[in-house]
$ cat my_file_36.cif   # mmCIF, C-alpha atoms
data_run
loop_
_atom_site.label_atom_id
_atom_site.label_comp_id
_atom_site.auth_asym_id
_atom_site.auth_seq_id
_atom_site.Cartn_x
_atom_site.Cartn_y
_atom_site.Cartn_z
CA MET P 6 77.07 -14.33 86.19
CA THR P 7 74.47 -15.96 88.37
CA THR P 8 71.55 -17.93 86.98
CA VAL P 9 69.12 -15.19 88.00
CA CYS P 10 71.17 -12.57 86.16
CA ARG P 11 71.38 -14.73 83.05
CA ILE P 12 67.60 -15.21 83.00
CA ALA P 13 67.05 -11.49 83.48
CA SER P 14 69.49 -10.73 80.65
CA VAL P 15 67.73 -13.12 78.26
CA ASN P 16 64.33 -11.66 79.14
CA LEU P 17 65.60 -8.14 78.52
CA VAL P 18 66.92 -9.11 75.09
CA LEU P 19 63.62 -10.75 74.19
CA PHE P 20 61.70 -7.70 75.38
CA VAL P 21 63.85 -5.35 73.26
CA LYS P 22 63.41 -7.60 70.20
CA HIS P 23 59.66 -7.56 70.76
CA LEU P 24 59.68 -3.76 70.75
CA ARG P 25 61.71 -3.64 67.54
CA TYR P 26 59.90 -6.49 65.80
CA PRO P 27 56.40 -6.74 67.25
CA GLN P 28 54.37 -9.85 66.49
CA PRO P 29 51.83 -9.34 63.72
CA PRO P 30 48.22 -9.25 64.87
CA SER P 31 46.12 -12.37 64.53
CA PRO P 32 44.83 -12.56 60.97
CA MET P 33 41.21 -11.48 60.56
CA PRO P 34 39.01 -13.27 58.05
CA ARG P 35 39.10 -11.41 54.78
CA PHE P 36 35.60 -12.39 53.70
CA GLU P 37 32.41 -12.53 55.72
CA ALA P 38 31.12 -16.02 56.34
CA SER P 39 28.04 -17.50 57.89
CA PRO P 40 28.84 -18.37 61.53
CA GLN P 41 28.73 -22.09 62.26
CA TYR P 42 27.75 -22.83 58.67
CA GLU P 43 25.94 -26.14 58.22
CA HIS P 44 25.87 -27.99 54.93
CA GLY P 45 22.50 -28.88 53.49
CA LEU P 46 20.52 -25.93 54.83
CA PRO P 47 17.45 -25.05 52.73
CA GLU P 48 18.22 -22.38 50.14
CA SER P 49 15.87 -19.56 49.21
CA LEU P 50 15.32 -16.70 46.77
CA GLY P 51 15.79 -13.08 47.78
CA VAL P 52 14.25 -9.93 46.30
CA LEU P 53 15.96 -6.72 47.33
CA LEU P 54 13.93 -3.53 46.87
CA VAL P 55 16.04 -0.39 47.13
CA ASN P 56 14.79 3.17 47.37
CA LEU P 57 16.71 6.40 47.83
CA GLY P 58 16.47 6.94 51.58
CA THR P 59 15.19 9.20 54.29
CA PRO P 60 16.44 10.77 57.51
CA GLU P 61 15.39 9.02 60.70
CA ALA P 62 13.68 12.14 62.01
CA PRO P 63 12.75 15.64 60.76
CA THR P 64 15.55 17.24 62.76
CA PRO P 65 18.67 19.12 61.61
CA SER P 66 21.03 16.53 63.12
CA ALA P 67 19.24 13.57 61.49
CA VAL P 68 18.99 15.37 58.16
CA ARG P 69 22.69 16.28 58.37
CA ARG P 70 23.65 12.60 58.76
CA TYR P 71 21.41 11.63 55.86
CA LEU P 72 22.62 14.39 53.54
CA GLY P 73 26.23 13.70 54.50
CA GLU P 74 25.88 10.13 53.24
CA PHE P 75 23.76 11.02 50.21
CA LEU P 76 25.85 13.92 48.93
CA ALA P 77 29.14 12.09 49.50
CA ASP P 78 28.21 9.54 46.82
CA PRO P 79 30.36 10.20 43.71
CA ARG P 80 27.48 8.93 41.56
CA VAL P 81 25.32 11.77 42.87
CA ILE P 82 27.86 14.60 42.72
CA GLU P 83 30.51 14.19 40.01
CA VAL P 84 32.99 16.71 41.34
CA PRO P 85 36.62 15.90 42.31
CA ARG P 86 36.46 14.56 45.86
CA PRO P 87 38.89 16.98 47.60
CA ILE P 88 37.05 20.00 46.20
CA TRP P 89 33.62 18.57 46.92
CA ARG P 90 34.49 17.60 50.51
CA LEU P 91 35.42 21.22 51.21
CA ILE P 92 32.14 22.45 49.75
CA LEU P 93 30.06 19.75 51.42
CA HIS P 94 31.48 20.04 54.92
CA GLY P 95 32.44 23.68 54.77
CA TYR P 96 29.10 25.04 53.59
CA ILE P 97 26.28 22.66 52.56
CA LEU P 98 26.11 20.55 55.72
CA ARG P 99 26.26 23.71 57.81
CA VAL P 100 23.35 25.46 56.06
CA ARG P 101 21.05 23.01 54.31
CA PRO P 102 20.06 20.55 57.10
CA ALA P 103 18.04 23.14 59.03
CA ARG P 104 16.08 24.18 55.92
CA SER P 105 15.51 20.59 54.83
CA ALA P 106 14.40 19.60 58.35
CA GLU P 107 11.65 22.24 58.17
CA ALA P 108 10.45 20.73 54.89
CA TYR P 109 10.50 17.19 56.29
CA GLU P 110 8.56 18.37 59.34
CA LYS P 111 5.67 19.41 57.07
CA ILE P 112 5.17 15.90 55.67
CA TRP P 113 6.24 13.74 58.63
CA THR P 114 3.57 11.43 60.03
CA GLU P 115 3.03 9.96 63.48
CA GLN P 116 4.41 6.68 62.13
CA GLY P 117 7.47 8.31 60.56
CA SER P 118 8.78 9.04 57.07
CA PRO P 119 6.19 8.72 54.26
CA LEU P 120 8.79 7.29 51.88
CA LEU P 121 9.77 4.58 54.35
CA LEU P 122 6.17 3.73 55.23
CA HIS P 123 5.04 3.47 51.59
CA SER P 124 8.12 1.42 50.71
CA GLN P 125 7.46 -0.96 53.61
CA ASP P 126 3.88 -1.42 52.43
CA ILE P 127 5.13 -2.26 48.93
CA ARG P 128 7.60 -4.76 50.38
CA ASP P 129 4.96 -6.48 52.52
CA LEU P 130 2.44 -6.82 49.69
CA LEU P 131 5.12 -7.98 47.25
CA GLN P 132 6.21 -10.62 49.77
CA GLU P 133 2.63 -11.86 49.99
CA LYS P 134 2.11 -12.01 46.22
CA LEU P 135 5.41 -13.74 45.46
CA SER P 136 4.95 -16.25 48.28
CA ASN P 137 1.61 -17.22 46.76
CA ARG P 138 2.85 -17.38 43.16
CA LEU P 139 6.34 -18.92 43.40
CA SER P 140 6.94 -22.57 44.24
CA GLY P 141 9.96 -22.04 46.49
CA ALA P 142 10.78 -19.92 49.51
CA VAL P 143 11.22 -16.19 48.85
CA ASN P 144 12.47 -13.39 51.09
CA VAL P 145 11.63 -9.80 50.12
CA GLU P 146 13.77 -7.19 51.85
CA LEU P 147 13.71 -3.40 51.72
CA ALA P 148 16.82 -1.24 51.82
CA MET P 149 17.69 2.40 51.35
CA SER P 150 20.73 3.63 49.46
CA TYR P 151 21.29 6.19 52.23
CA GLY P 152 20.15 5.86 55.81
CA ASN P 153 18.22 2.93 57.23
CA PRO P 154 17.37 0.17 56.62
CA SER P 155 20.78 -0.11 55.00
CA ILE P 156 21.76 -2.30 52.07
CA ASP P 157 24.33 -4.15 54.23
CA ALA P 158 21.72 -4.93 56.87
CA ALA P 159 19.16 -6.13 54.31
CA LEU P 160 21.69 -8.42 52.64
CA LYS P 161 22.76 -9.82 56.01
CA ARG P 162 19.16 -10.76 56.77
CA MET P 163 19.05 -12.51 53.42
CA PHE P 164 22.21 -14.49 54.12
CA ASP P 165 20.86 -15.43 57.56
CA ASN P 166 17.91 -16.98 55.67
CA CYS P 167 20.22 -18.88 53.30
CA VAL P 168 19.37 -16.76 50.27
CA ARG P 169 21.50 -17.98 47.36
CA ARG P 170 19.80 -16.15 44.49
CA ILE P 171 18.95 -12.45 44.56
CA VAL P 172 16.85 -10.20 42.32
CA LEU P 173 17.90 -6.58 42.73
CA LEU P 174 15.03 -4.18 42.05
CA PRO P 175 15.84 -0.46 42.41
CA MET P 176 12.55 1.40 42.83
CA TYR P 177 13.30 3.80 39.98
CA PRO P 178 11.27 3.28 36.79
CA GLN P 179 13.77 5.27 34.70
CA TYR P 180 17.48 4.41 34.79
CA SER P 181 19.94 7.06 35.94
CA GLY P 182 23.53 6.63 36.98
CA THR P 183 22.75 8.87 39.96
CA THR P 184 20.12 6.45 41.30
CA THR P 185 20.02 2.99 39.73
CA GLY P 186 23.76 3.01 39.04
CA SER P 187 24.45 3.97 42.64
CA VAL P 188 22.30 1.09 43.91
CA PHE P 189 24.24 -1.39 41.79
CA ASP P 190 27.56 -0.04 43.11
CA ALA P 191 26.48 -0.34 46.74
CA VAL P 192 25.09 -3.86 46.38
CA VAL P 193 28.12 -5.18 44.52
CA LYS P 194 30.44 -3.57 47.09
CA SER P 195 28.56 -5.29 49.89
CA LEU P 196 28.50 -8.66 48.11
CA SER P 197 32.23 -8.43 47.33
CA ARG P 198 32.90 -8.85 51.06
CA ARG P 199 31.02 -12.14 51.24
CA ARG P 200 32.70 -15.53 51.07
CA TRP P 201 29.79 -17.09 49.21
CA VAL P 202 28.60 -14.64 46.55
CA PRO P 203 25.01 -15.34 45.47
CA GLU P 204 23.63 -15.37 41.95
CA LEU P 205 22.43 -11.88 41.10
CA ARG P 206 19.93 -10.59 38.55
CA PHE P 207 19.51 -6.86 38.18
CA ILE P 208 16.36 -5.08 36.97
CA ASN P 209 17.82 -2.05 35.23
CA HIS P 210 14.62 -0.09 34.52
CA TYR P 211 10.94 -0.48 33.68
CA HIS P 212 10.13 2.95 32.24
CA ASP P 213 8.19 1.60 29.24
CA SER P 214 6.77 -1.62 30.64
CA ALA P 215 3.10 -2.05 29.79
CA GLY P 216 2.12 -2.88 33.38
CA TYR P 217 3.84 0.19 34.79
CA ILE P 218 2.21 2.51 32.23
CA ALA P 219 -1.18 0.88 32.85
CA ALA P 220 -0.85 1.42 36.61
CA LEU P 221 0.11 5.07 36.08
CA ALA P 222 -2.81 5.65 33.74
CA ALA P 223 -5.23 3.96 36.15
CA SER P 224 -4.03 6.16 39.02
CA VAL P 225 -4.66 9.31 36.96
CA ARG P 226 -8.11 8.11 35.87
CA ASP P 227 -9.00 7.23 39.47
CA PHE P 228 -8.07 10.75 40.53
CA TRP P 229 -10.11 12.29 37.73
CA ASP P 230 -13.11 10.11 38.53
CA VAL P 231 -13.20 11.58 42.04
CA ASN P 232 -11.99 15.15 41.45
CA GLY P 233 -12.76 15.86 37.82
CA ARG P 234 -10.18 16.48 35.10
CA GLY P 235 -7.95 19.56 35.24
CA ASP P 236 -7.09 21.90 32.38
CA ARG P 237 -3.70 20.24 31.83
CA LEU P 238 -1.67 17.30 33.10
CA LEU P 239 1.93 18.14 34.02
CA MET P 240 4.26 15.14 34.32
CA SER P 241 7.10 16.20 36.61
CA PHE P 242 10.22 14.03 36.84
CA HIS P 243 13.16 14.47 39.17
CA GLY P 244 15.87 16.51 37.48
CA VAL P 245 19.54 15.71 36.94
CA PRO P 246 22.33 17.91 35.54
CA LYS P 247 22.19 18.32 31.76
CA GLN P 248 25.80 17.10 31.56
CA THR P 249 24.63 13.58 32.43
CA LEU P 250 22.56 13.57 29.23
CA LEU P 251 25.55 14.74 27.21
CA ASP P 252 27.64 11.99 28.81
CA GLY P 253 25.22 9.30 27.66
CA ASP P 254 22.90 8.76 30.64
CA PRO P 255 19.56 7.47 29.23
CA TYR P 256 17.42 9.08 31.95
CA HIS P 257 16.16 12.04 29.89
CA CYS P 258 15.13 9.84 26.97
CA GLN P 259 13.41 7.32 29.22
CA CYS P 260 11.42 10.06 30.98
CA GLN P 261 10.29 11.37 27.59
CA LYS P 262 9.14 7.90 26.53
CA THR P 263 7.27 7.34 29.79
CA GLY P 264 5.50 10.66 29.25
CA ARG P 265 4.48 9.82 25.67
CA LEU P 266 3.22 6.36 26.60
CA LEU P 267 1.22 7.69 29.54
CA ALA P 268 -0.33 10.42 27.38
CA ASP P 269 -1.25 7.86 24.73
CA SER P 270 -2.78 5.57 27.33
CA LEU P 271 -4.92 8.47 28.61
CA ASP P 272 -5.89 9.51 25.04
CA LEU P 273 -4.48 13.01 25.63
CA GLU P 274 -4.02 15.49 22.80
CA GLU P 275 -0.85 17.53 22.32
CA GLY P 276 -2.07 20.53 24.32
CA ASP P 277 -3.49 18.43 27.15
CA TRP P 278 -0.18 17.52 28.78
CA GLN P 279 3.48 18.45 29.10
CA LEU P 280 6.63 17.21 30.79
CA SER P 281 9.08 18.96 33.13
CA PHE P 282 11.90 18.35 35.61
CA GLN P 283 12.00 19.35 39.27
CA SER P 284 14.35 19.51 42.29
CA ARG P 285 17.34 21.24 40.71
CA VAL P 286 20.10 22.61 42.92
CA GLY P 287 23.26 24.61 42.28
CA ARG P 288 24.14 26.88 39.40
CA GLN P 289 24.79 24.41 36.58
CA GLU P 290 22.15 23.75 33.96
CA TRP P 291 19.80 20.85 34.62
CA LEU P 292 17.34 19.08 32.35
CA ARG P 293 14.69 21.46 31.04
CA PRO P 294 11.99 22.64 31.22
CA TYR P 295 12.03 23.32 34.96
CA THR P 296 8.86 22.40 36.84
CA ASP P 297 8.68 25.53 39.00
CA GLU P 298 9.12 27.80 35.97
CA GLU P 299 6.42 25.95 34.04
CA VAL P 300 4.04 26.09 37.01
CA GLN P 301 4.65 29.83 37.32
CA ARG P 302 4.10 30.37 33.59
CA LEU P 303 0.83 28.44 33.57
CA GLY P 304 -0.32 30.38 36.61
CA LYS P 305 0.37 33.69 34.87
CA GLU P 306 -1.71 32.46 31.93
CA GLY P 307 -4.65 32.15 34.33
CA MET P 308 -5.04 28.37 34.26
CA LYS P 309 -7.70 27.29 36.75
CA LYS P 310 -6.82 23.65 37.46
CA LEU P 311 -3.38 22.11 36.96
CA ASP P 312 -2.97 18.41 37.66
CA VAL P 313 0.56 17.18 38.42
CA VAL P 314 1.73 13.57 38.44
CA CYS P 315 5.31 12.43 39.18
CA PRO P 316 5.91 9.19 37.21
CA GLY P 317 9.54 8.91 38.27
CA PHE P 318 8.69 8.30 41.94
CA SER P 319 7.46 4.85 42.97
CA ALA P 320 6.51 6.14 46.42
CA ASP P 321 5.57 9.54 47.78
CA CYS P 322 8.35 11.44 49.48
CA LEU P 323 9.64 14.94 50.22
CA GLU P 324 9.93 15.83 46.53
CA THR P 325 6.30 14.99 45.80
CA LEU P 326 4.49 15.84 49.03
CA GLU P 327 6.32 19.04 49.94
CA GLU P 328 7.97 20.31 46.76
CA ILE P 329 5.06 19.66 44.38
CA ALA P 330 1.92 19.54 46.53
CA MET P 331 2.98 22.48 48.73
CA GLN P 332 5.73 24.64 47.20
CA ASN P 333 4.58 24.48 43.60
CA ALA P 334 0.93 24.77 44.56
CA GLU P 335 1.86 28.04 46.28
CA ILE P 336 3.84 29.21 43.25
CA PHE P 337 0.86 28.44 41.00
CA ALA P 338 -1.61 30.38 43.16
CA GLU P 339 0.71 33.36 43.69
CA SER P 340 1.29 33.59 39.92
CA GLY P 341 -2.42 34.00 39.23
CA GLY P 342 -3.41 30.39 38.75
CA GLY P 343 -6.19 28.53 40.47
CA GLU P 344 -5.61 25.12 42.06
CA LEU P 345 -2.62 22.80 41.60
CA ARG P 346 -3.72 19.26 42.34
CA TYR P 347 -1.10 16.60 43.02
CA ILE P 348 -1.94 13.05 41.92
CA PRO P 349 -0.33 10.62 44.42
CA ALA P 350 2.47 8.25 43.45
CA LEU P 351 1.64 4.60 42.82
CA ASN P 352 2.77 3.64 46.34
CA ALA P 353 1.20 0.31 47.40
CA ARG P 354 -1.65 0.29 44.86
CA ASP P 355 -2.55 -3.27 43.96
CA ASP P 356 -1.89 -2.74 40.25
CA HIS P 357 1.56 -1.34 41.05
CA VAL P 358 2.55 -4.22 43.33
CA SER P 359 1.06 -6.76 40.90
CA PHE P 360 3.21 -5.30 38.14
CA LEU P 361 6.34 -5.51 40.33
CA SER P 362 5.45 -9.11 41.19
CA ARG P 363 5.12 -10.07 37.52
CA THR P 364 8.40 -8.32 36.75
CA VAL P 365 10.19 -10.33 39.44
CA GLU P 366 8.55 -13.56 38.26
CA ARG P 367 9.86 -13.03 34.73
CA THR P 368 13.31 -12.21 36.07
CA VAL P 369 13.61 -15.40 38.15
CA SER P 370 12.69 -17.64 35.23
CA GLY P 371 14.91 -20.73 35.28
CA TRP P 372 15.67 -20.56 38.98
CA PRO P 373 14.45 -23.39 41.23
CA GLU P 374 11.93 -21.25 43.14
CA ALA P 375 10.13 -20.44 39.88
CA SER P 376 10.04 -24.00 38.57
CA PRO P 377 6.60 -25.62 38.47
CA ASP P 378 8.33 -28.96 39.19
CA TRP P 379 9.78 -27.76 42.49
CA SER P 380 8.24 -29.40 45.56
CA VAL P 381 8.82 -29.08 49.28
CA SER P 382 9.15 -32.82 49.81
CA GLU P 383 11.69 -33.30 47.03
CA ALA P 384 13.73 -30.31 48.23
CA ALA P 385 13.75 -31.68 51.78
CA ARG P 386 14.88 -35.10 50.50
CA GLN P 387 17.77 -33.59 48.54
CA LEU P 388 18.82 -31.50 51.53
CA GLU P 389 18.91 -34.52 53.80
CA LYS P 390 21.07 -36.38 51.29
CA SER P 391 23.41 -33.37 51.18
CA ARG P 392 23.68 -33.39 54.97
CA GLN P 393 24.48 -37.08 55.03
CA ARG P 394 27.25 -36.67 52.44
CA ALA P 395 28.70 -33.72 54.38
CA ARG P 396 28.74 -35.75 57.63
CA ALA P 397 30.41 -38.68 55.85
CA MET P 398 33.12 -36.43 54.40
CA GLY P 399 33.65 -34.80 57.76
CA SER P 400 34.11 -38.11 59.50
CA GLU P 401 36.84 -39.07 57.02
CA PHE P 402 38.85 -35.96 57.78
#
$ encode --input "my_file_36.cif" --output "structure tokens"
Amino acid sequence: MTTVCRIASVNLVLFVKHLRYPQPPSPMPRFEASPQYEHGLPESLGVLLVNLGTPEAPTPSAVRRYLGEFLADPRVIEVPRPIWRLILHGYILRVRPARSAEAYEKIWTEQGSPLLLHSQDIRDLLQEKLSNRLSGAVNVELAMSYGNPSIDAALKRMFDNCVRRIVLLPMYPQYSGTTTGSVFDAVVKSLSRRRWVPELRFINHYHDSAGYIAALAASVRDFWDVNGRGDRLLMSFHGVPKQTLLDGDPYHCQCQKTGRLLADSLDLEEGDWQLSFQSRVGRQEWLRPYTDEEVQRLGKEGMKKLDVVCPGFSADCLETLEEIAMQNAEIFAESGGGELRYIPALNARDDHVSFLSRTVERTVSGWPEASPDWSVSEAARQLEKSRQRARAMGSEF
């Protein structure tokens, strides 16, 4: 056999072996790392505000994407996944987006989604207050559980700013596994992919905090000062299936306590206020009484002025601006009632943001950024020493 034939024979054997036993792909890093990490970079504190989410536009396609993400969350819909996927993709995402898009169109502004705009205002004012009150650097980021800005993107911005300690603040005063629990899941899932996991403190709820109740009461009084007081105050909270209560979710009890504390703060008598739950879907029983049924009943009784406040929403959104201020106002009038008057959510009121700032300040107690002894010059000196030690160790290896 000639040399050329032998070489060709060897190459053929190697080629066949490669087909049978292909080389494994180059290993990818398992955990996300900061590119070109440098030792001794200045560390900072992060505050992550998380709200529910919003479609990017009031269109069926945008709403379909948003609902597809929202309703796929097992915390939101506790139905076996194979069955639910058939229902979700076979019916709900074919029918509901067009109807929901019409509702979003009614409240959409020239700047975009009300929920996103109000949440951004809260973030910006909270950043300003914390920067003025804390000794160290602080980065306040906003994320949505579903849609944009995403939790992953917000956390990446934090890591790019060398955030090593994070306060997680879901924008839900009352805890529910469907909301607050879902936020915790998503954040932990994102952090579990990081090489350097930061310290994390989690604000679980603030449904009975004095500052939150005071801000709610002030918002109601401000409304009454301008518009006069209605015949009754209805406190409408977002509903959840009754089964969650039976399974131990504290949401129902926390809503009830918020309602009692708000009524006490406003010096309301027993017949001056009541509590209800809105936004139910499907055929299963949800927390009662239902807001739309109560509004209809009060309308049939001939009530002239019904004031409605939604203490479970930190920022105005579809459920407050369209469902309450439009749908339920129409139900009230058509049932024989007079005027349903919606009292806006706390949004970016100064007392609301001040309360959130104080809550974060208490939560970060013991961290460097909250220490009165922390100073920029001392921090810079320690960082430079850290860099020098890192360079010395690098030169040895």
$ residues_around --input "my_file_36.cif" --residues "stretch 111-116 of chain P" --least-positions-apart "6" --cutoff "10 Å" --atoms "only C-alpha atoms" --output "ChimeraX atom specification"
/P:62-63,122,322-323,325-327,331
$ write_last_selection --input "my_file_36.cif" --atoms "C-alpha atoms" --output "short mmCIF file (atom, residue, chain, number, x, y, z; two decimals), in the coordinates of the input"
data_model
loop_
_atom_site.label_atom_id
_atom_site.label_comp_id
_atom_site.auth_asym_id
_atom_site.auth_seq_id
_atom_site.Cartn_x
_atom_site.Cartn_y
_atom_site.Cartn_z
CA ALA P 62 13.68 12.14 62.01
CA PRO P 63 12.75 15.64 60.76
CA LEU P 122 6.17 3.73 55.23
CA CYS P 322 8.35 11.44 49.48
CA LEU P 323 9.64 14.94 50.22
CA THR P 325 6.30 14.99 45.80
CA LEU P 326 4.49 15.84 49.03
CA GLU P 327 6.32 19.04 49.94
CA MET P 331 2.98 22.48 48.73
#
$ resolve_selection --input "my_file_36.cif" --expression "the PyMOL selection byres ((chain P and resi 217) around 12)" --output "PyMOL selection string"
chain P and resi 176-179+210-216+218-224+263-264+266-267+270+316-319+350-351+354-364
$ closest_residue --input "my_file_36.cif" --among "P:Ala159, P:Leu239, P:Ile82, P:Val168" --to "P:Pro47" --atoms "only C-alpha atoms"
P:Val168
$ resolve_selection --input "my_file_36.cif" --expression "the PyMOL selection byres ((chain P and resi 60) around 10)" --output "list in words"
Gly58, Thr59, Glu61, Ala62, Pro63, Thr64, Pro65, Ser66, Ala67, Val68, Arg69, Arg70, Tyr71, Leu72, Ala106, Tyr109, Gly117, Ser118, Leu121, Tyr151, Gly152 and Asn153 of chain P
$ residues_around --input "my_file_36.cif" --residues "P:Gly73" --least-positions-apart "5" --cutoff "9 Å" --atoms "only C-alpha atoms" --output "PyMOL selection string"
chain P and resi 68+78+93-94+98
$ closest_residue --input "my_file_36.cif" --among "P:Val52, P:Val286, P:Ala191, P:Ile348" --to "P:Arg169" --atoms "all atoms listed in the file"
P:Val52
$ residues_near_point --input "my_file_36.cif" --point "(34.6, 16.0, 47.8)" --cutoff "12 Å" --atoms "all atoms listed in the file" --output "list in words"
Gly73, Glu74, Leu76, Ala77, Asp78, Pro79, Arg80, Val81, Ile82, Glu83, Val84, Pro85, Arg86, Pro87, Ile88, Trp89, Arg90, Leu91, Ile92, Leu93, His94, Gly95 and Ile97 of chain P
$ write_last_selection --input "my_file_36.cif" --atoms "C-alpha atoms" --output "PDB file, in the frame of the given file"
ATOM      1  CA  GLY P  73      26.230  13.700  54.500  1.00  0.00           C
ATOM      2  CA  GLU P  74      25.880  10.130  53.240  1.00  0.00           C
ATOM      3  CA  LEU P  76      25.850  13.920  48.930  1.00  0.00           C
ATOM      4  CA  ALA P  77      29.140  12.090  49.500  1.00  0.00           C
ATOM      5  CA  ASP P  78      28.210   9.540  46.820  1.00  0.00           C
ATOM      6  CA  PRO P  79      30.360  10.200  43.710  1.00  0.00           C
ATOM      7  CA  ARG P  80      27.480   8.930  41.560  1.00  0.00           C
ATOM      8  CA  VAL P  81      25.320  11.770  42.870  1.00  0.00           C
ATOM      9  CA  ILE P  82      27.860  14.600  42.720  1.00  0.00           C
ATOM     10  CA  GLU P  83      30.510  14.190  40.010  1.00  0.00           C
ATOM     11  CA  VAL P  84      32.990  16.710  41.340  1.00  0.00           C
ATOM     12  CA  PRO P  85      36.620  15.900  42.310  1.00  0.00           C
ATOM     13  CA  ARG P  86      36.460  14.560  45.860  1.00  0.00           C
ATOM     14  CA  PRO P  87      38.890  16.980  47.600  1.00  0.00           C
ATOM     15  CA  ILE P  88      37.050  20.000  46.200  1.00  0.00           C
ATOM     16  CA  TRP P  89      33.620  18.570  46.920  1.00  0.00           C
ATOM     17  CA  ARG P  90      34.490  17.600  50.510  1.00  0.00           C
ATOM     18  CA  LEU P  91      35.420  21.220  51.210  1.00  0.00           C
ATOM     19  CA  ILE P  92      32.140  22.450  49.750  1.00  0.00           C
ATOM     20  CA  LEU P  93      30.060  19.750  51.420  1.00  0.00           C
ATOM     21  CA  HIS P  94      31.480  20.040  54.920  1.00  0.00           C
ATOM     22  CA  GLY P  95      32.440  23.680  54.770  1.00  0.00           C
ATOM     23  CA  ILE P  97      26.280  22.660  52.560  1.00  0.00           C
TER      24      ILE P  97
END
$ closest_residue --input "my_file_36.cif" --among "P:Leu238, P:Cys167, P:Ile127, P:Met149" --to "P:Leu46" --atoms "only C-alpha atoms"
P:Cys167
$ closest_residue --input "my_file_36.cif" --among "P:Met240, P:Val365, P:Leu130, P:Val193" --to "P:Asp312" --atoms "only C-alpha atoms"
P:Met240
$ closest_residue --input "my_file_36.cif" --among "P:Asp378, P:Glu366, P:Glu110, P:Glu324" --to "P:Leu135" --atoms "only C-alpha atoms"
P:Glu366
$ atom_distance --input "my_file_36.cif" --atom1 "atom CA of P:Met163" --atom2 "atom CA of P:Leu131"
15.9 Å
$ atom_distance --input "my_file_36.cif" --atom1 "atom CA of P:Ala148" --atom2 "atom CA of P:Glu37"
19.6 Å
$ atom_distance --input "my_file_36.cif" --atom1 "atom CA of P:Gln261" --atom2 "atom CA of P:Asn209"
17.2 Å
$ resolve_selection --input "my_file_36.cif" --expression "the PyMOL selection byres ((chain P and resi 256) around 6)" --output "JSON list (two decimals) with C-alpha atoms, keeping the file's coordinate frame"
[["chain", "number", "residue", "atom", "x", "y", "z"],
["P", 179, "GLN", "CA", 13.77, 5.27, 34.70],
["P", 180, "TYR", "CA", 17.48, 4.41, 34.79],
["P", 181, "SER", "CA", 19.94, 7.06, 35.94],
["P", 254, "ASP", "CA", 22.90, 8.76, 30.64],
["P", 255, "PRO", "CA", 19.56, 7.47, 29.23],
["P", 257, "HIS", "CA", 16.16, 12.04, 29.89],
["P", 258, "CYS", "CA", 15.13, 9.84, 26.97],
["P", 259, "GLN", "CA", 13.41, 7.32, 29.22]]
$ residues_around --input "my_file_36.cif" --residues "P:Pro203" --least-positions-apart "2" --cutoff "10 Å" --atoms "all atoms listed in the file" --output "list in words"
Leu50, Gly51, Phe164, Cys167, Val168, Arg169, Arg170, Ile171, Leu196, Arg199, Arg200, Trp201, Leu205 and Arg206 of chain P
$ build_atoms --input "my_file_36.cif" --residues "stretch 342-352 of chain P" --atoms "N, CA and C atoms" --output "PDB file, in the coordinates of the input"
ATOM      1  N   GLY P 342      -2.684  31.602  39.101  1.00  0.00           N
ATOM      2  CA  GLY P 342      -3.410  30.390  38.750  1.00  0.00           C
ATOM      3  C   GLY P 342      -4.444  30.032  39.805  1.00  0.00           C
ATOM      4  N   GLY P 343      -5.167  28.973  39.529  1.00  0.00           N
ATOM      5  CA  GLY P 343      -6.190  28.530  40.470  1.00  0.00           C
ATOM      6  C   GLY P 343      -5.641  27.480  41.412  1.00  0.00           C
ATOM      7  N   GLU P 344      -5.959  26.208  41.151  1.00  0.00           N
ATOM      8  CA  GLU P 344      -5.610  25.120  42.060  1.00  0.00           C
ATOM      9  C   GLU P 344      -4.658  24.137  41.383  1.00  0.00           C
ATOM     10  N   LEU P 345      -3.523  23.870  42.038  1.00  0.00           N
ATOM     11  CA  LEU P 345      -2.620  22.800  41.600  1.00  0.00           C
ATOM     12  C   LEU P 345      -2.982  21.565  42.398  1.00  0.00           C
ATOM     13  N   ARG P 346      -3.259  20.489  41.689  1.00  0.00           N
ATOM     14  CA  ARG P 346      -3.720  19.260  42.340  1.00  0.00           C
ATOM     15  C   ARG P 346      -2.711  18.143  42.073  1.00  0.00           C
ATOM     16  N   TYR P 347      -2.099  17.665  43.147  1.00  0.00           N
ATOM     17  CA  TYR P 347      -1.100  16.600  43.020  1.00  0.00           C
ATOM     18  C   TYR P 347      -1.775  15.238  43.017  1.00  0.00           C
ATOM     19  N   ILE P 348      -1.438  14.415  42.029  1.00  0.00           N
ATOM     20  CA  ILE P 348      -1.940  13.050  41.920  1.00  0.00           C
ATOM     21  C   ILE P 348      -0.927  12.129  42.596  1.00  0.00           C
ATOM     22  N   PRO P 349      -1.300  11.404  43.638  1.00  0.00           N
ATOM     23  CA  PRO P 349      -0.330  10.620  44.420  1.00  0.00           C
ATOM     24  C   PRO P 349       0.460   9.624  43.572  1.00  0.00           C
ATOM     25  N   ALA P 350       1.644   9.276  44.077  1.00  0.00           N
ATOM     26  CA  ALA P 350       2.470   8.250  43.450  1.00  0.00           C
ATOM     27  C   ALA P 350       1.753   6.900  43.527  1.00  0.00           C
ATOM     28  N   LEU P 351       2.284   5.920  42.838  1.00  0.00           N
ATOM     29  CA  LEU P 351       1.640   4.600  42.820  1.00  0.00           C
ATOM     30  C   LEU P 351       1.642   3.950  44.197  1.00  0.00           C
ATOM     31  N   ASN P 352       2.690   4.179  44.978  1.00  0.00           N
ATOM     32  CA  ASN P 352       2.770   3.640  46.340  1.00  0.00           C
ATOM     33  C   ASN P 352       2.415   2.154  46.347  1.00  0.00           C
TER      34      ASN P 352
END
